[in-house]
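A.B. asks: Attaching a single structure in structure tokens format; questions to follow.
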Amino acid sequence: QVQLVESGGGLVQAGGSLRLSCISSTLTFGTYAMGWFRQGPGKEREFVASTSWNGGSKYYADSVKGRFTISRENTKNTAYLEMNSLKPEDTAVYYCAAGKSYYWPGDGYNDPHEYGNWGQGTQVTVYS
């Protein structure tokens, strides 16, 4: 079981930036693909970004492409989501999730049902 804890959320003005972190308690963090998802008020949970276990492959939702960057430091058991040029529509609870060990389907890995471990979420609020 992978324990995940997100941090870094907050209140930011449109156009600003935030960096989310996701720390894992498992020593095998480097074998798991990681994803970031978000759920806005009254909306379904949606895919934001994913990265393979070694960080060599990354995918982004069209809505965040060019503004958000996913990365990871396996030596620190941590994944990150750098968010720039934030918009009010980015307001949501952001969740990190770990996929299956050594599994990378190569099609974006954007289905939340394929992720078995989730953090508790961190709130991001963007005001205009």
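Within each chain, counting starts at residue 1; across the structure tokens, chains are named A, B, ... in the order shown, with ligands numbered 1 upward in that order.
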What lies within 9 Å of Glu73 (chain A) using only C-alpha atoms, ignoring chain neighbours under 5 positions off, as a short mmCIF file (atom, residue, chain, number, x, y, z; two decimals) with all heavy atoms, in the first residue's frame?
C.D. replies:
data_model
loop_
_atom_site.label_atom_id
_atom_site.label_comp_id
_atom_site.auth_asym_id
_atom_site.auth_seq_id
_atom_site.Cartn_x
_atom_site.Cartn_y
_atom_site.Cartn_z
N GLY A 30 9.82 4.74 -6.54
CA GLY A 30 10.41 4.84 -7.88
C GLY A 30 9.91 3.82 -8.87
O GLY A 30 10.29 3.87 -10.03
N ASN A 54 10.05 6.47 -14.04
CA ASN A 54 11.38 7.07 -14.10
C ASN A 54 11.33 8.53 -14.58
O ASN A 54 12.37 9.16 -14.78
CB ASN A 54 12.31 6.26 -15.00
CG ASN A 54 11.82 6.19 -16.43
OD1 ASN A 54 10.77 6.75 -16.77
ND2 ASN A 54 12.56 5.50 -17.29
N GLY A 55 10.12 9.04 -14.80
CA GLY A 55 9.98 10.41 -15.26
C GLY A 55 10.25 10.61 -16.74
O GLY A 55 10.23 11.73 -17.23
N THR A 78 9.11 11.82 -3.89
CA THR A 78 8.23 12.98 -4.06
C THR A 78 7.91 13.24 -5.54
O THR A 78 8.80 13.16 -6.38
CB THR A 78 8.86 14.23 -3.45
OG1 THR A 78 9.18 13.99 -2.08
CG2 THR A 78 7.91 15.41 -3.53
N ALA A 79 6.66 13.55 -5.78
CA ALA A 79 6.22 14.02 -7.08
C ALA A 79 5.76 15.47 -6.93
O ALA A 79 5.32 15.89 -5.86
CB ALA A 79 5.07 13.15 -7.61
N TYR A 80 5.86 16.22 -8.03
CA TYR A 80 5.53 17.64 -8.00
C TYR A 80 4.59 17.99 -9.15
O TYR A 80 4.55 17.32 -10.18
CB TYR A 80 6.79 18.50 -8.15
CG TYR A 80 7.85 18.22 -7.14
CD1 TYR A 80 8.92 17.37 -7.43
CD2 TYR A 80 7.81 18.81 -5.87
CE1 TYR A 80 9.91 17.11 -6.50
CE2 TYR A 80 8.79 18.56 -4.94
CZ TYR A 80 9.85 17.71 -5.26
OH TYR A 80 10.82 17.46 -4.32
#
A.B. asks: For Ser85 (chain A), find every residue with an atom within 8 Å (counting only C-alpha atoms), except residues of its own chain fewer than 4 positions away, and show them as a ChimeraX atom specification.
C.D. replies: /A:14-17,67
A.B. asks: Those same residues, written as an mmCIF file, in the first residue's frame with N, CA, C and O atoms?
C.D. replies:
data_model
loop_
_atom_site.group_PDB
_atom_site.id
_atom_site.type_symbol
_atom_site.label_atom_id
_atom_site.label_comp_id
_atom_site.auth_asym_id
_atom_site.auth_seq_id
_atom_site.Cartn_x
_atom_site.Cartn_y
_atom_site.Cartn_z
ATOM 1 N N ALA A 14 -5.191 35.045 -10.155
ATOM 2 C CA ALA A 14 -5.052 34.589 -11.538
ATOM 3 C C ALA A 14 -3.744 35.113 -12.131
ATOM 4 O O ALA A 14 -3.377 36.268 -11.928
ATOM 5 N N GLY A 15 -3.073 34.223 -12.854
ATOM 6 C CA GLY A 15 -1.768 34.555 -13.398
ATOM 7 C C GLY A 15 -0.617 34.137 -12.516
ATOM 8 O O GLY A 15 0.541 34.137 -12.957
ATOM 9 N N GLY A 16 -0.929 33.762 -11.294
ATOM 10 C CA GLY A 16 0.099 33.363 -10.346
ATOM 11 C C GLY A 16 0.506 31.916 -10.494
ATOM 12 O O GLY A 16 0.067 31.214 -11.419
ATOM 13 N N SER A 17 1.333 31.477 -9.556
ATOM 14 C CA SER A 17 1.895 30.124 -9.613
ATOM 15 C C SER A 17 1.810 29.434 -8.261
ATOM 16 O O SER A 17 1.819 30.095 -7.212
ATOM 17 N N ARG A 67 1.228 25.112 -19.295
ATOM 18 C CA ARG A 67 1.154 25.894 -18.056
ATOM 19 C C ARG A 67 1.611 25.075 -16.836
ATOM 20 O O ARG A 67 2.192 25.632 -15.909
#
A.B. asks: Just asking: which residues within chain A are helix (DSSP H, G or I) according to DSSP, as a VMD selection string?
C.D. replies: chain A and resid 29 to 31 74 to 76 88 to 90 112 to 114
A.B. asks: Excluding same-chain residues fewer than 2 positions from Lys58 (chain A), what lies within 8 Å of it counting only C-alpha atoms, as number ranges by chain?
C.D. replies: A: 49-52, 55-56, 60, 70, 108
A.B. asks: Which parts of chain A does DSSP call strand (DSSP E) when run on the backbone here, written out as a ChimeraX atom specification?
C.D. replies: /A:4-7,10-13,18-24,32-39,46-51,58-60,68-73,78-83,92-101,117-118,122-127
A.B. asks: Need the shell around region 92-103 of chain A: protein/DNA/RNA residues with any atom at most 7 Å away, counting only C-alpha atoms. Skip same-chain ones fewer than 2 positions apart. Format as number ranges by chain?
C.D. replies: A: 6, 22, 31-41, 53, 90, 105, 114-125
A.B. asks: Output C-alpha atoms of each residue in that selection to a file, as a PDB file, in the first residue's frame.
C.D. replies:
ATOM      1  CA  GLU A   6      -0.138  16.318  -0.867  1.00  0.00           C
ATOM      2  CA  CYS A  22       3.177  14.678  -3.123  1.00  0.00           C
ATOM      3  CA  THR A  31       8.527   1.900  -9.373  1.00  0.00           C
ATOM      4  CA  TYR A  32       5.148   3.650  -9.574  1.00  0.00           C
ATOM      5  CA  ALA A  33       3.788   5.893 -12.269  1.00  0.00           C
ATOM      6  CA  MET A  34       2.287   9.003 -10.693  1.00  0.00           C
ATOM      7  CA  GLY A  35      -0.674  11.076 -11.683  1.00  0.00           C
ATOM      8  CA  TRP A  36      -2.273  14.350 -10.674  1.00  0.00           C
ATOM      9  CA  PHE A  37      -6.037  14.763 -10.842  1.00  0.00           C
ATOM     10  CA  ARG A  38      -8.387  17.503  -9.744  1.00  0.00           C
ATOM     11  CA  GLN A  39     -12.006  17.903  -8.811  1.00  0.00           C
ATOM     12  CA  GLY A  40     -13.670  21.263  -9.033  1.00  0.00           C
ATOM     13  CA  PRO A  41     -16.929  22.236  -7.309  1.00  0.00           C
ATOM     14  CA  TRP A  53       8.066   5.688 -12.857  1.00  0.00           C
ATOM     15  CA  ASP A  90      -8.095  25.747 -12.237  1.00  0.00           C
ATOM     16  CA  PRO A 105       0.222   1.902 -20.611  1.00  0.00           C
ATOM     17  CA  GLU A 114      -6.430   2.624 -12.973  1.00  0.00           C
ATOM     18  CA  TYR A 115      -4.853   4.296  -9.955  1.00  0.00           C
ATOM     19  CA  GLY A 116      -5.063   2.379  -6.714  1.00  0.00           C
ATOM     20  CA  ASN A 117      -3.542   4.778  -4.208  1.00  0.00           C
ATOM     21  CA  TRP A 118      -4.640   8.351  -3.552  1.00  0.00           C
ATOM     22  CA  GLY A 119      -3.682  11.210  -1.326  1.00  0.00           C
ATOM     23  CA  GLN A 120      -6.193  13.230   0.673  1.00  0.00           C
ATOM     24  CA  GLY A 121      -6.049  16.210  -1.678  1.00  0.00           C
ATOM     25  CA  THR A 122      -4.979  19.828  -1.394  1.00  0.00           C
ATOM     26  CA  GLN A 123      -7.191  22.813  -2.217  1.00  0.00           C
ATOM     27  CA  VAL A 124      -6.163  25.268  -4.904  1.00  0.00           C
ATOM     28  CA  THR A 125      -8.254  28.418  -5.261  1.00  0.00           C
TER      29      THR A 125
END
